[in-house]
Structures are given as C-alpha cells and as structure tokens.
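A.B. asks: Encoded as structure tokens, here's the structure I'll be asking about.
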Amino acid sequence: MEADLPFAHSDELPSSIPAPANPIPHTLVNTRPLHNTPFVAPYVPVNPEVAGAALQFAGVGASDVLVDLGCGDARVLTQALSDHPAPPARCVGVELDPFLAEYIRSNHGPRLADGRLVLLEQDMFKVDLESLGATVMVLYLLPEGLEKLKPMIGEWLCGSAAAAAAAAGAPRRLVTITYTFPGWDPVDGRQASKTGSGFMGGAAGMHWLFRYEAKSVR
Ligand SMILES: C[S@@+](CC[C@H](N)C(=O)[O-])C[C@H]1O[C@@H](n2cnc3c(N)ncnc32)[C@H](O)[C@@H]1O
C-alpha cells in the first residue's frame, strides 16, 4: 500500500521548524520492558516538524477538541495550542506514566489552569472518548497498541455520535504517525518531513502520516 501513497503534499509543510522545546523528561515507561504492563508504546517524542504536519493533515481547527492518547510530554497538544494556525478549542492528553504526567503539570501549569489543556493521568483504554468531546485525534503508538484500540476508536469513528457529527458537517478524523491500524485502510497518507529527520532530529528515517475516517473502519 505504501507505494500508492502520495508524497506531493510535503511541499505544504512550514519552512521554519522550531527546535524541540524541552529536554527529554525521565520516564517510568522507558525503564522496563513493556510486556505485562498496561503500556502499549515506549516514550518516543515526535519532532516538531512531524507534529506540525500531523496537525495540518488532521485538519485541526478552532472548533475541535484534539485528543492524544499516550501524549508523552504533551508536545503535540501544546504545539497545537501555540503554533498551529488554527488552534483547537481544547486539547486532552492521556498519559499513564507518572513522571510524564508530573512533567506536564510542572511545565504547562497556565495551560492546564485555563482549561485549554486537560491532562488525564490514566490508562488510555479506560477513557470515554465521548465524554471528552473528542473531535480529532493524533496518535503515535506501536501497531500492537493501535490494534488493541480498534474497538474503541472504531466506535468513536463510526458510532451514532460520529454519524451525527458527520451529518452536522463535522466528521471525526484521526492521524497516526509512522504506524498504521492493522487491517484498516487509511483514506490518505503523506510523508511528514522533507528532510527525513526522525526522532529529535536524528537520522531515524522518514515519518509517514496516515489519515483515518469512518470509512477506514472494518
Ligand atoms: C511514542 S510515545 C508518543 C508521545 C507523544 N504522543 C508524542 O507524539 O510526542 C507513546 C506514549 O504513550 C504512553 N502510553 C503507552 N501506553 C499507554 C497507556 N496504556 N495509557 C496511557 N498512555 C500510554 C507512553 O507512556 C508514551 O508516553
């Protein structure tokens, strides 16, 4: 499938790319193997270029509630609020790692206080996406985690609330970074960086973005 995905849109990426804002925080999740834990991905922060491209590709706009399940240090969400041309009304980050949650509380107090950023320190599999008011999501997780999320995300993309939102002209959408939902067809895909710079500007290879909508769900 990847051979069919278009590269052309990468010209739309912003030309000036901010440096990573934060040093990498200490984590619980990266200090032990993931198996036999609730964690479905290690902490690997996305770089700002890829985050900006993902926000653009997801079509994040002013009436959206943007959710990141496994938000790490919340960089995708804070970038959406600070640097995206159409910042969302609200962002919700779900993060199970207590060190990352504490890092967010310590570094983004004003955002948390004004309610534009909401942190849920909990297992992503226990959140109720409807009660969060999620309208758009950006996810950077391993395929195993995406597989496990399929029932929850499938209902969010295709259930009655999703149909009502689509009928009202606000279809729900989701962008994954690098990895795909096994067995689902993204409606579109694009390369996220011109440079090929990966994790924190290193040479970890190209990042791809995949966009999912209701018709992706099987
Ligand atoms: C690859 S990192 C992505 C971080 C951030 N979204 C970004 O793009 O920079 C995945 C994150 O998911 C978190 N995570 C993994 N399993 C989780 C779970 N079951 N519930 C909540 N967070 C989880 C990890 O602690 C880690 O911070």
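Letters A, B, ... mark the chains of the structure tokens in the order given; residue numbers begin at 1 per chain; ligand numbers begin at 1, in order shown.
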Do you know which residues are within 9 Å of ligand 1 using only C-alpha atoms and all ligand atoms? Can you write them as number ranges by chain?

C.D. replies: A: 27-30, 34, 37-48, 50-51, 68-77, 93-98, 100, 120-126, 138-142, 145, 177

A.B. asks: Save the residues we just selected, N, CA and C atoms, as a short mmCIF file (atom, residue, chain, number, x, y, z; two decimals), in the first residue's frame?

C.D. replies:
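Wrote selection.cif, looks like this:
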data_model
loop_
_atom_site.label_atom_id
_atom_site.label_comp_id
_atom_site.auth_asym_id
_atom_site.auth_seq_id
_atom_site.Cartn_x
_atom_site.Cartn_y
_atom_site.Cartn_z
N THR A 27 11.31 8.99 32.52
CA THR A 27 10.05 8.26 32.40
C THR A 27 10.10 6.96 33.18
N LEU A 28 8.93 6.46 33.50
CA LEU A 28 8.80 5.10 34.02
C LEU A 28 8.79 4.11 32.87
N VAL A 29 8.05 4.48 31.81
CA VAL A 29 7.78 3.52 30.74
C VAL A 29 9.05 3.05 30.05
N ASN A 30 10.06 3.92 29.94
CA ASN A 30 11.27 3.52 29.21
C ASN A 30 12.30 2.82 30.09
N LEU A 34 7.93 -3.49 28.08
CA LEU A 34 6.50 -3.15 28.06
C LEU A 34 5.61 -4.35 28.37
N THR A 37 2.70 -5.09 31.17
CA THR A 37 2.33 -3.79 31.74
C THR A 37 1.16 -3.26 30.90
N PRO A 38 0.46 -2.24 31.38
CA PRO A 38 -0.61 -1.65 30.55
C PRO A 38 -0.06 -0.80 29.40
N PHE A 39 1.26 -0.54 29.39
CA PHE A 39 1.83 0.36 28.38
C PHE A 39 1.87 -0.33 27.01
N VAL A 40 1.45 0.41 25.98
CA VAL A 40 1.45 -0.16 24.62
C VAL A 40 2.46 0.53 23.72
N ALA A 41 3.26 1.42 24.28
CA ALA A 41 4.33 2.07 23.50
C ALA A 41 5.31 2.68 24.48
N PRO A 42 6.60 2.73 24.12
CA PRO A 42 7.56 3.46 24.94
C PRO A 42 7.38 4.96 24.71
N TYR A 43 8.10 5.75 25.48
CA TYR A 43 8.07 7.20 25.27
C TYR A 43 9.11 7.57 24.22
N VAL A 44 8.63 7.97 23.07
CA VAL A 44 9.48 8.49 21.98
C VAL A 44 8.79 9.76 21.49
N PRO A 45 9.31 10.93 21.84
CA PRO A 45 8.61 12.17 21.46
C PRO A 45 8.74 12.44 19.97
N VAL A 46 7.66 12.89 19.37
CA VAL A 46 7.69 13.25 17.96
C VAL A 46 8.42 14.58 17.80
N ASN A 47 9.05 14.80 16.64
CA ASN A 47 9.71 16.09 16.49
C ASN A 47 8.71 17.15 16.00
N PRO A 48 9.03 18.43 16.19
CA PRO A 48 8.04 19.48 15.91
C PRO A 48 7.60 19.53 14.44
N VAL A 50 7.23 17.01 12.39
CA VAL A 50 6.24 15.94 12.16
C VAL A 50 4.94 16.27 12.88
N ALA A 51 5.05 16.80 14.10
CA ALA A 51 3.83 17.18 14.83
C ALA A 51 3.04 18.23 14.06
N ASP A 68 -4.81 13.29 22.32
CA ASP A 68 -3.62 12.47 22.09
C ASP A 68 -3.62 11.37 23.16
N LEU A 69 -3.87 10.14 22.74
CA LEU A 69 -3.83 9.00 23.67
C LEU A 69 -2.38 8.54 23.76
N GLY A 70 -1.77 8.71 24.92
CA GLY A 70 -0.33 8.48 25.07
C GLY A 70 0.39 9.75 24.66
N CYS A 71 0.15 10.82 25.43
CA CYS A 71 0.57 12.15 24.97
C CYS A 71 2.02 12.48 25.31
N GLY A 72 2.71 11.58 26.05
CA GLY A 72 4.11 11.86 26.37
C GLY A 72 4.23 13.12 27.19
N ASP A 73 5.05 14.07 26.72
CA ASP A 73 5.19 15.35 27.43
C ASP A 73 4.18 16.39 26.92
N ALA A 74 3.20 15.95 26.14
CA ALA A 74 2.10 16.79 25.63
C ALA A 74 2.55 17.74 24.53
N ARG A 75 3.65 17.43 23.88
CA ARG A 75 4.19 18.37 22.90
C ARG A 75 3.30 18.57 21.67
N VAL A 76 2.60 17.52 21.23
CA VAL A 76 1.72 17.69 20.07
C VAL A 76 0.59 18.67 20.44
N LEU A 77 0.09 18.53 21.66
CA LEU A 77 -1.04 19.35 22.10
C LEU A 77 -0.62 20.80 22.35
N GLY A 93 -4.83 15.39 26.80
CA GLY A 93 -3.74 14.42 26.76
C GLY A 93 -3.98 13.33 27.78
N VAL A 94 -3.82 12.09 27.35
CA VAL A 94 -3.97 10.94 28.25
C VAL A 94 -2.60 10.29 28.37
N GLU A 95 -2.11 10.19 29.59
CA GLU A 95 -0.75 9.66 29.79
C GLU A 95 -0.72 8.87 31.09
N LEU A 96 -0.25 7.65 31.01
CA LEU A 96 -0.22 6.76 32.17
C LEU A 96 1.07 6.87 32.97
N ASP A 97 2.14 7.33 32.33
CA ASP A 97 3.43 7.39 33.01
C ASP A 97 3.43 8.53 34.02
N PRO A 98 3.63 8.23 35.31
CA PRO A 98 3.51 9.28 36.33
C PRO A 98 4.58 10.37 36.20
N LEU A 100 5.90 11.45 33.32
CA LEU A 100 5.49 12.34 32.23
C LEU A 100 4.31 13.21 32.66
N LEU A 120 -5.21 13.79 31.59
CA LEU A 120 -5.78 12.64 32.30
C LEU A 120 -4.64 11.66 32.53
N GLU A 121 -4.25 11.50 33.77
CA GLU A 121 -3.18 10.56 34.10
C GLU A 121 -3.82 9.19 34.30
N GLN A 122 -3.99 8.48 33.20
CA GLN A 122 -4.65 7.18 33.30
C GLN A 122 -4.38 6.34 32.06
N ASP A 123 -4.83 5.11 32.12
CA ASP A 123 -4.72 4.17 31.01
C ASP A 123 -5.66 4.61 29.88
N MET A 124 -5.10 4.74 28.69
CA MET A 124 -5.92 5.20 27.55
C MET A 124 -7.10 4.28 27.25
N PHE A 125 -6.98 3.00 27.66
CA PHE A 125 -8.06 2.06 27.36
C PHE A 125 -9.24 2.25 28.31
N LYS A 126 -9.08 3.13 29.27
CA LYS A 126 -10.17 3.36 30.22
C LYS A 126 -10.82 4.72 30.04
N VAL A 138 -4.60 12.69 17.19
CA VAL A 138 -3.28 12.39 16.62
C VAL A 138 -2.65 11.34 17.54
N LEU A 139 -2.24 10.20 16.98
CA LEU A 139 -1.71 9.10 17.78
C LEU A 139 -0.34 8.67 17.28
N TYR A 140 0.59 8.50 18.21
CA TYR A 140 1.91 7.97 17.87
C TYR A 140 2.13 6.77 18.78
N LEU A 141 1.71 5.61 18.31
CA LEU A 141 1.74 4.37 19.10
C LEU A 141 2.20 3.22 18.22
N LEU A 142 2.60 2.13 18.85
CA LEU A 142 3.01 0.95 18.09
C LEU A 142 1.79 0.23 17.52
N GLY A 145 -0.52 -1.55 19.94
CA GLY A 145 -1.42 -0.65 20.68
C GLY A 145 -2.57 -0.20 19.81
N ILE A 177 0.93 8.58 13.37
CA ILE A 177 2.31 8.90 13.00
C ILE A 177 3.08 7.59 12.86
#

A.B. asks: Can you tell me, as a count of residues only, which residues in segment 40-147 of chain A count as strand (DSSP E) by DSSP?

C.D. replies: 18

A.B. asks: When you look at Arg90 of chain A with a cut-off of 8 Å (counting only C-alpha atoms), what residues show up, excluding the ones that are within fewer than 5 positions of it in the same chain? I need them as a ChimeraX atom specification.

C.D. replies: /A:64-66,115-118

A.B. asks: Output N, CA and C atoms of each residue in that selection to a file, as a PDB file, in the first residue's frame.

C.D. replies:
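Saved as result18.pdb:
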ATOM      1  N   ASP A  64     -12.365  22.344  17.225  1.00  0.00           N
ATOM      2  CA  ASP A  64     -12.014  20.959  17.571  1.00  0.00           C
ATOM      3  C   ASP A  64     -11.628  20.771  19.034  1.00  0.00           C
ATOM      4  N   VAL A  65     -11.853  19.538  19.487  1.00  0.00           N
ATOM      5  CA  VAL A  65     -11.241  19.043  20.717  1.00  0.00           C
ATOM      6  C   VAL A  65     -10.258  17.963  20.279  1.00  0.00           C
ATOM      7  N   LEU A  66      -8.985  18.264  20.454  1.00  0.00           N
ATOM      8  CA  LEU A  66      -7.897  17.397  19.982  1.00  0.00           C
ATOM      9  C   LEU A  66      -7.448  16.480  21.115  1.00  0.00           C
ATOM     10  N   GLY A 115      -7.717  25.666  31.203  1.00  0.00           N
ATOM     11  CA  GLY A 115      -8.632  24.659  30.668  1.00  0.00           C
ATOM     12  C   GLY A 115      -8.443  24.333  29.197  1.00  0.00           C
ATOM     13  N   ARG A 116      -7.511  25.030  28.535  1.00  0.00           N
ATOM     14  CA  ARG A 116      -7.278  24.703  27.113  1.00  0.00           C
ATOM     15  C   ARG A 116      -6.569  23.358  26.987  1.00  0.00           C
ATOM     16  N   LEU A 117      -5.793  22.994  28.024  1.00  0.00           N
ATOM     17  CA  LEU A 117      -5.108  21.703  28.054  1.00  0.00           C
ATOM     18  C   LEU A 117      -5.623  20.930  29.262  1.00  0.00           C
ATOM     19  N   VAL A 118      -6.069  19.705  28.978  1.00  0.00           N
ATOM     20  CA  VAL A 118      -6.559  18.838  30.052  1.00  0.00           C
ATOM     21  C   VAL A 118      -5.659  17.601  30.075  1.00  0.00           C
TER      22      VAL A 118
END

A.B. asks: So that each row is one residue of segment 21-71 of chain A with an atom at most 9 Å from segment 186-194 of chain A, can you give its shortest atom pair and the distance in Å to one decimal, using only C-alpha atoms, rows by chain and rising number, as CSV?

C.D. replies:
residue,atom,partner,partner_atom,distance
A:Glu49,CA,A:Ser193,CA,6.7
A:Val50,CA,A:Ala192,CA,5.3
A:Ala51,CA,A:Ala192,CA,8.5
A:Gly52,CA,A:Ala192,CA,8.8
A:Ala53,CA,A:Ala192,CA,5.8
A:Ala54,CA,A:Ala192,CA,7.3
A:Phe57,CA,A:Arg190,CA,8.5

A.B. asks: Taking only segment 146-211 of chain A into account, list the residues labelled helix (DSSP H, G or I) by DSSP (computed from the backbone), as a ChimeraX atom specification.

C.D. replies: /A:146-158,160-167,199-201

A.B. asks: Just the selected residues (N, CA and C atoms), exported as a PDB file, in the first residue's frame, please.

C.D. replies:
ATOM      1  N   LEU A 146      -2.283   0.109  18.539  1.00  0.00           N
ATOM      2  CA  LEU A 146      -3.352   0.532  17.630  1.00  0.00           C
ATOM      3  C   LEU A 146      -4.347  -0.615  17.427  1.00  0.00           C
ATOM      4  N   GLU A 147      -3.843  -1.831  17.314  1.00  0.00           N
ATOM      5  CA  GLU A 147      -4.739  -3.000  17.182  1.00  0.00           C
ATOM      6  C   GLU A 147      -5.671  -3.082  18.393  1.00  0.00           C
ATOM      7  N   LYS A 148      -5.096  -2.906  19.556  1.00  0.00           N
ATOM      8  CA  LYS A 148      -5.882  -3.029  20.792  1.00  0.00           C
ATOM      9  C   LYS A 148      -6.917  -1.897  20.911  1.00  0.00           C
ATOM     10  N   LEU A 149      -6.595  -0.761  20.301  1.00  0.00           N
ATOM     11  CA  LEU A 149      -7.516   0.392  20.369  1.00  0.00           C
ATOM     12  C   LEU A 149      -8.660   0.302  19.354  1.00  0.00           C
ATOM     13  N   LYS A 150      -8.593  -0.648  18.416  1.00  0.00           N
ATOM     14  CA  LYS A 150      -9.559  -0.645  17.312  1.00  0.00           C
ATOM     15  C   LYS A 150     -11.028  -0.646  17.759  1.00  0.00           C
ATOM     16  N   PRO A 151     -11.429  -1.455  18.745  1.00  0.00           N
ATOM     17  CA  PRO A 151     -12.855  -1.395  19.135  1.00  0.00           C
ATOM     18  C   PRO A 151     -13.273   0.004  19.615  1.00  0.00           C
ATOM     19  N   MET A 152     -12.414   0.594  20.407  1.00  0.00           N
ATOM     20  CA  MET A 152     -12.726   1.917  20.976  1.00  0.00           C
ATOM     21  C   MET A 152     -12.727   3.012  19.894  1.00  0.00           C
ATOM     22  N   ILE A 153     -11.710   2.984  19.054  1.00  0.00           N
ATOM     23  CA  ILE A 153     -11.609   4.010  18.007  1.00  0.00           C
ATOM     24  C   ILE A 153     -12.658   3.764  16.917  1.00  0.00           C
ATOM     25  N   GLY A 154     -12.931   2.484  16.648  1.00  0.00           N
ATOM     26  CA  GLY A 154     -13.958   2.163  15.645  1.00  0.00           C
ATOM     27  C   GLY A 154     -15.302   2.730  16.048  1.00  0.00           C
ATOM     28  N   GLU A 155     -15.655   2.590  17.303  1.00  0.00           N
ATOM     29  CA  GLU A 155     -16.925   3.156  17.797  1.00  0.00           C
ATOM     30  C   GLU A 155     -16.890   4.681  17.722  1.00  0.00           C
ATOM     31  N   TRP A 156     -15.756   5.248  18.059  1.00  0.00           N
ATOM     32  CA  TRP A 156     -15.633   6.722  18.038  1.00  0.00           C
ATOM     33  C   TRP A 156     -15.740   7.260  16.600  1.00  0.00           C
ATOM     34  N   LEU A 157     -15.175   6.525  15.642  1.00  0.00           N
ATOM     35  CA  LEU A 157     -15.211   6.998  14.245  1.00  0.00           C
ATOM     36  C   LEU A 157     -16.526   6.682  13.542  1.00  0.00           C
ATOM     37  N   CYS A 158     -17.219   5.625  13.994  1.00  0.00           N
ATOM     38  CA  CYS A 158     -18.371   5.103  13.225  1.00  0.00           C
ATOM     39  C   CYS A 158     -19.672   5.020  13.998  1.00  0.00           C
ATOM     40  N   SER A 160     -22.983   6.137  16.560  1.00  0.00           N
ATOM     41  CA  SER A 160     -24.081   7.070  16.297  1.00  0.00           C
ATOM     42  C   SER A 160     -23.659   8.527  16.546  1.00  0.00           C
ATOM     43  N   ALA A 161     -22.828   8.752  17.551  1.00  0.00           N
ATOM     44  CA  ALA A 161     -22.376  10.134  17.808  1.00  0.00           C
ATOM     45  C   ALA A 161     -21.508  10.629  16.652  1.00  0.00           C
ATOM     46  N   ALA A 162     -20.692   9.712  16.095  1.00  0.00           N
ATOM     47  CA  ALA A 162     -19.842  10.083  14.948  1.00  0.00           C
ATOM     48  C   ALA A 162     -20.718  10.398  13.736  1.00  0.00           C
ATOM     49  N   ALA A 163     -21.762   9.587  13.536  1.00  0.00           N
ATOM     50  CA  ALA A 163     -22.659   9.820  12.390  1.00  0.00           C
ATOM     51  C   ALA A 163     -23.364  11.166  12.544  1.00  0.00           C
ATOM     52  N   ALA A 164     -23.781  11.480  13.760  1.00  0.00           N
ATOM     53  CA  ALA A 164     -24.452  12.767  13.995  1.00  0.00           C
ATOM     54  C   ALA A 164     -23.492  13.929  13.732  1.00  0.00           C
ATOM     55  N   ALA A 165     -22.246  13.757  14.155  1.00  0.00           N
ATOM     56  CA  ALA A 165     -21.248  14.814  13.925  1.00  0.00           C
ATOM     57  C   ALA A 165     -21.011  14.987  12.429  1.00  0.00           C
ATOM     58  N   ALA A 166     -20.906  13.869  11.710  1.00  0.00           N
ATOM     59  CA  ALA A 166     -20.680  13.952  10.259  1.00  0.00           C
ATOM     60  C   ALA A 166     -21.865  14.621   9.572  1.00  0.00           C
ATOM     61  N   ALA A 167     -23.074  14.273  10.017  1.00  0.00           N
ATOM     62  CA  ALA A 167     -24.272  14.867   9.411  1.00  0.00           C
ATOM     63  C   ALA A 167     -24.326  16.373   9.666  1.00  0.00           C
ATOM     64  N   PHE A 199      13.470  10.957  15.075  1.00  0.00           N
ATOM     65  CA  PHE A 199      13.324  11.260  16.495  1.00  0.00           C
ATOM     66  C   PHE A 199      14.296  12.355  16.929  1.00  0.00           C
ATOM     67  N   MET A 200      13.754  13.469  17.395  1.00  0.00           N
ATOM     68  CA  MET A 200      14.522  14.601  17.912  1.00  0.00           C
ATOM     69  C   MET A 200      15.597  15.052  16.916  1.00  0.00           C
ATOM     70  N   GLY A 201      15.271  14.975  15.628  1.00  0.00           N
ATOM     71  CA  GLY A 201      16.197  15.464  14.624  1.00  0.00           C
ATOM     72  C   GLY A 201      17.263  14.461  14.229  1.00  0.00           C
TER      73      GLY A 201
END
